[in-house]
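*Asks:* Sharing a structure, written as structure tokens. Questions coming.
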Amino acid sequence: LYTRSDVEEKAQAIGNLEEEIAAMNTKQRREMVASLLPVASASEHSSIAYLRQKGTDEELRNYLSAFWNRKSKENPLGEFLRFRELMEYGAQRYATQPMPASQTDRGRVLLQYGKPNLVENEYSDRFRKAMQNLNTVPYEIWYYYTLDKPVKQSDVIFVFVQENRGNENYRLLHSTGIWEVRNREWRKAV
């Protein structure tokens, strides 16, 4: 059972969520709705597709409020703020000229799983034989010590490779995460 203070605290958090959403402009709300795809259920994808193309400002506000209240019953404002921080972090690092970060593989993984515990690249990769191939393609290995989604996992890696050196878009080549792409021979590709 909820006590009166629990209900009041929850109402205050919801009110703050509404204020945070209201403080965003329409473009920011539309970008956030589009960025929800990596964390949304399959049944929510059609609503997101509609909203990112044709949704009114009121529809965007209502959807964001409902989404975060569904996503986290205990702390919708906290989840909203954490996600917005990841969006901003991803936009600075993983967006490319034609694509926002949420449409890139690194941006998707960031939004879905959060920041990795460790990132290595072709120069800092501790398992790569010392300068065995000076013509290696740029790549990154993201290490997550533990993940809770979709199920509890530990020691998960994501390997991204920059196939086209003309842009900064890295494609996901391999992961040990559940329901992610696997390519045990990924080192041969880099």
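If you're wondering about the labels, chains in the structure tokens are A, B, ... by order shown, residues count from 1 in each chain, ligands from 1 in order shown.
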Applying 6 Å and only C-alpha atoms, which residues near region 173-189 of chain A remain after dropping the ones on its own chain fewer than 5 positions away? List them as number ranges by chain.

*Replies:* A: 156-160

*Asks:* With distances taken over only C-alpha atoms, which of A:Thr146, A:Gln92, A:Ser46, A:Gln162 is nearest to Gly114 (chain A)?

*Replies:*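 For Gly114 (chain A), the nearest of the given residues is A:Thr146.
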
*Asks:* Taking only C-alpha atoms into account, which of A:Leu64, A:Met99, A:Ala23, A:Leu111 comes nearest Val39 (chain A)?

*Replies:*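 The shortest atom-to-atom distance to Val39 (chain A) comes from A:Leu111.
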
*Asks:* Measure the distance from CA of Phe67 (chain A) to CA of Glu85 (chain A) in Å and round it to one decimal.

*Replies:*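 Rounded to one decimal, the two atoms are 16.9 Å apart.
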
*Asks:* Determine, counting only C-alpha atoms, which protein, DNA and RNA residues have an atom within 10 Å of an atom of Val33 (chain A); residues of the same chain fewer than 6 positions away are not included. Present the result as a PyMOL selection string.

*Replies:* chain A and resi 27+40+47-49+51-52+55+60-61+63-64+67

*Asks:* If I take CA of Leu86 (chain A) and CA of Leu36 (chain A), how far is one from the other in Å, to one decimal?

*Replies:*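 Between CA of Leu86 (chain A) and CA of Leu36 (chain A) the gap works out to 11.4 Å.
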
*Asks:* My list of candidates is A:Arg171, A:Arg108, A:Asn117, A:Trp68. Which is closest to Leu81 (chain A) when distances are computed with only C-alpha atoms?

*Replies:*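 Of all the options, A:Trp68 lies closest to Leu81 (chain A).
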
*Asks:* Output as a VMD selection string all residues of region 9-186 of chain A that backbone DSSP marks as alpha helix (DSSP H).

*Replies:* chain A and resid 9 to 23 26 to 35 45 to 54 57 to 71 76 to 93 105 to 113 186

*Asks:* From a backbone DSSP assignment, name each residue in chain A labelled strand (DSSP E or B), as a PDB file with N, CA and C atoms, in the first residue's frame.

*Replies:*
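Once written, states-v3.pdb looks like this:
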ATOM      1  N   LEU A 118      34.106   0.690 -20.397  1.00  0.00           N
ATOM      2  CA  LEU A 118      35.431   0.860 -20.981  1.00  0.00           C
ATOM      3  C   LEU A 118      35.298   0.867 -22.495  1.00  0.00           C
ATOM      4  N   VAL A 119      36.082   1.725 -23.155  1.00  0.00           N
ATOM      5  CA  VAL A 119      36.116   1.760 -24.619  1.00  0.00           C
ATOM      6  C   VAL A 119      37.563   1.639 -25.050  1.00  0.00           C
ATOM      7  N   GLU A 120      37.826   0.711 -25.952  1.00  0.00           N
ATOM      8  CA  GLU A 120      39.146   0.575 -26.554  1.00  0.00           C
ATOM      9  C   GLU A 120      38.992   0.776 -28.051  1.00  0.00           C
ATOM     10  N   ASN A 121      40.087   1.138 -28.705  1.00  0.00           N
ATOM     11  CA  ASN A 121      40.063   1.279 -30.155  1.00  0.00           C
ATOM     12  C   ASN A 121      41.233   0.500 -30.740  1.00  0.00           C
ATOM     13  N   TYR A 139      38.341   0.844 -35.402  1.00  0.00           N
ATOM     14  CA  TYR A 139      37.277   0.131 -34.702  1.00  0.00           C
ATOM     15  C   TYR A 139      37.273   0.523 -33.232  1.00  0.00           C
ATOM     16  N   GLU A 140      36.148   0.232 -32.589  1.00  0.00           N
ATOM     17  CA  GLU A 140      35.998   0.455 -31.161  1.00  0.00           C
ATOM     18  C   GLU A 140      35.413  -0.795 -30.531  1.00  0.00           C
ATOM     19  N   ILE A 141      35.854  -1.096 -29.322  1.00  0.00           N
ATOM     20  CA  ILE A 141      35.286  -2.185 -28.540  1.00  0.00           C
ATOM     21  C   ILE A 141      34.719  -1.548 -27.274  1.00  0.00           C
ATOM     22  N   TRP A 142      33.437  -1.733 -27.075  1.00  0.00           N
ATOM     23  CA  TRP A 142      32.780  -1.224 -25.867  1.00  0.00           C
ATOM     24  C   TRP A 142      32.595  -2.392 -24.907  1.00  0.00           C
ATOM     25  N   TYR A 143      33.025  -2.208 -23.669  1.00  0.00           N
ATOM     26  CA  TYR A 143      32.892  -3.226 -22.633  1.00  0.00           C
ATOM     27  C   TYR A 143      31.844  -2.795 -21.606  1.00  0.00           C
ATOM     28  N   TYR A 144      30.925  -3.679 -21.335  1.00  0.00           N
ATOM     29  CA  TYR A 144      29.951  -3.486 -20.262  1.00  0.00           C
ATOM     30  C   TYR A 144      30.180  -4.602 -19.251  1.00  0.00           C
ATOM     31  N   TYR A 145      30.450  -4.237 -18.017  1.00  0.00           N
ATOM     32  CA  TYR A 145      30.686  -5.254 -16.996  1.00  0.00           C
ATOM     33  C   TYR A 145      29.400  -6.002 -16.664  1.00  0.00           C
ATOM     34  N   THR A 146      28.292  -5.277 -16.571  1.00  0.00           N
ATOM     35  CA  THR A 146      26.988  -5.912 -16.371  1.00  0.00           C
ATOM     36  C   THR A 146      25.931  -5.126 -17.140  1.00  0.00           C
ATOM     37  N   LEU A 147      24.949  -5.845 -17.644  1.00  0.00           N
ATOM     38  CA  LEU A 147      23.772  -5.262 -18.289  1.00  0.00           C
ATOM     39  C   LEU A 147      22.549  -5.914 -17.671  1.00  0.00           C
ATOM     40  N   GLN A 153      23.150  -9.840 -17.750  1.00  0.00           N
ATOM     41  CA  GLN A 153      24.308 -10.361 -18.479  1.00  0.00           C
ATOM     42  C   GLN A 153      25.573  -9.753 -17.880  1.00  0.00           C
ATOM     43  N   SER A 154      26.679 -10.423 -18.040  1.00  0.00           N
ATOM     44  CA  SER A 154      27.938  -9.846 -17.584  1.00  0.00           C
ATOM     45  C   SER A 154      28.999 -10.006 -18.671  1.00  0.00           C
ATOM     46  N   ASP A 155      29.983  -9.114 -18.609  1.00  0.00           N
ATOM     47  CA  ASP A 155      31.111  -9.119 -19.558  1.00  0.00           C
ATOM     48  C   ASP A 155      30.638  -9.112 -21.011  1.00  0.00           C
ATOM     49  N   VAL A 156      29.866  -8.115 -21.354  1.00  0.00           N
ATOM     50  CA  VAL A 156      29.316  -7.989 -22.702  1.00  0.00           C
ATOM     51  C   VAL A 156      30.170  -6.999 -23.480  1.00  0.00           C
ATOM     52  N   ILE A 157      30.492  -7.359 -24.724  1.00  0.00           N
ATOM     53  CA  ILE A 157      31.240  -6.440 -25.582  1.00  0.00           C
ATOM     54  C   ILE A 157      30.434  -6.123 -26.829  1.00  0.00           C
ATOM     55  N   PHE A 158      30.705  -4.938 -27.367  1.00  0.00           N
ATOM     56  CA  PHE A 158      30.165  -4.516 -28.658  1.00  0.00           C
ATOM     57  C   PHE A 158      31.355  -4.042 -29.476  1.00  0.00           C
ATOM     58  N   VAL A 159      31.491  -4.555 -30.688  1.00  0.00           N
ATOM     59  CA  VAL A 159      32.591  -4.164 -31.566  1.00  0.00           C
ATOM     60  C   VAL A 159      32.001  -3.394 -32.743  1.00  0.00           C
ATOM     61  N   PHE A 160      32.489  -2.168 -32.923  1.00  0.00           N
ATOM     62  CA  PHE A 160      32.041  -1.301 -34.006  1.00  0.00           C
ATOM     63  C   PHE A 160      33.214  -1.055 -34.943  1.00  0.00           C
ATOM     64  N   VAL A 161      32.943  -1.039 -36.240  1.00  0.00           N
ATOM     65  CA  VAL A 161      34.000  -0.815 -37.223  1.00  0.00           C
ATOM     66  C   VAL A 161      33.602   0.328 -38.149  1.00  0.00           C
ATOM     67  N   ARG A 171      29.782   0.804 -37.809  1.00  0.00           N
ATOM     68  CA  ARG A 171      28.749  -0.237 -37.866  1.00  0.00           C
ATOM     69  C   ARG A 171      29.029  -1.291 -36.804  1.00  0.00           C
ATOM     70  N   LEU A 172      27.977  -1.785 -36.170  1.00  0.00           N
ATOM     71  CA  LEU A 172      28.128  -2.870 -35.199  1.00  0.00           C
ATOM     72  C   LEU A 172      28.490  -4.140 -35.948  1.00  0.00           C
ATOM     73  N   LEU A 173      29.648  -4.698 -35.618  1.00  0.00           N
ATOM     74  CA  LEU A 173      30.163  -5.880 -36.296  1.00  0.00           C
ATOM     75  C   LEU A 173      29.954  -7.143 -35.463  1.00  0.00           C
ATOM     76  N   HIS A 174      30.046  -7.011 -34.132  1.00  0.00           N
ATOM     77  CA  HIS A 174      29.948  -8.184 -33.260  1.00  0.00           C
ATOM     78  C   HIS A 174      29.562  -7.750 -31.855  1.00  0.00           C
ATOM     79  N   SER A 175      28.835  -8.621 -31.180  1.00  0.00           N
ATOM     80  CA  SER A 175      28.530  -8.412 -29.769  1.00  0.00           C
ATOM     81  C   SER A 175      28.337  -9.757 -29.094  1.00  0.00           C
TER      82      SER A 175
END

*Asks:* Restricting the calculation to only C-alpha atoms: of A:Tyr123, A:Tyr89, A:Tyr170, A:Tyr50, which residue gets closest to Asp105 (chain A)?

*Replies:*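 The shortest atom-to-atom distance to Asp105 (chain A) comes from A:Tyr170.
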
*Asks:* Fewer than 3 positions away in the same chain doesn't count, so skip those; otherwise give me all residues within 8 Å of Glu168 (chain A), counting only C-alpha atoms, as a ChimeraX atom specification.

*Replies:* /A:94,96,162,164-165
